[in-house]
Amino acid sequence: MSHTGPTDDGPASGPTQAASPTSAGGTGSSITSGRFVRGEPGVRLHYASCGEPGAPLMVFLHGFPEFWYAWRAVLPAFGDRFHAVAPDLRGYNLSDKPADLRAYHARALVADIDALVRGLGHERCVLVA
């Protein structure tokens with residue numbers, strides 16, 4: 001599998017778009033949104049995060065039919081000790097939305113999370129779902 005690091009090269013295709021990374025939040029760690037990594041095979045995954053990229057990684061996965069925003073109140077609470085990351089899974093919000101239904105097989109979704117973790121420069125993470 002090939003993995004690329006995070007980018008802020010604009011939004012994935014879809015009705016909701018943000019032209020550049022944005023921050024939200026008040027005290028403590030603020031949420032940064034508008035960043036992307038490449039999943040498999042080449043699917044762009046949007047994510048929001050809090051904390052320093054060099055800190056241990058904690059990944060928060062949303063449910064159906066949500067997106068990263070479901071974790072907006074939680075990310076800052078962990079941003080002081082972790083690089084807290086909440087992706088938009090493929091098919092949701094600013095992440096790519098492949099037309100082929102086979103692209104949503106469980107193996108593809110798991111490969112996306114692996115690509116996210118590795119694309120952010122980590123081998124492992126604390127996974128919250």
# chains A, B, ... in the order shown; residues from 1 in each chain; ligands from 1

call {"tool": "residues_around", "arguments": {"residues": "Ala48 (chain A)", "least_positions_apart": "3", "cutoff": "12 Å", "atoms": "only C-alpha atoms", "output": "ChimeraX atom specification"}}
result
/A:6-8,21-25,30-37,45,51,53,58-62,67-72,74-76,79,83-89,93-95,116

call {"tool": "atom_distance", "arguments": {"atom1": "CA of Ala106 (chain A)", "atom2": "CA of Leu120 (chain A)"}}
result
21.4 Å

call {"tool": "closest_residue", "arguments": {"among": "A:Ala111, A:Val43, A:Phe78, A:Ser29", "to": "Asp96 (chain A)", "atoms": "only C-alpha atoms"}}
result
A:Val43

call {"tool": "residues_around", "arguments": {"residues": "Arg81 (chain A)", "least_positions_apart": "6", "cutoff": "9 Å", "atoms": "only C-alpha atoms", "output": "list in words"}}
result
Gly51, Glu52, Ala55 and Pro56 of chain A
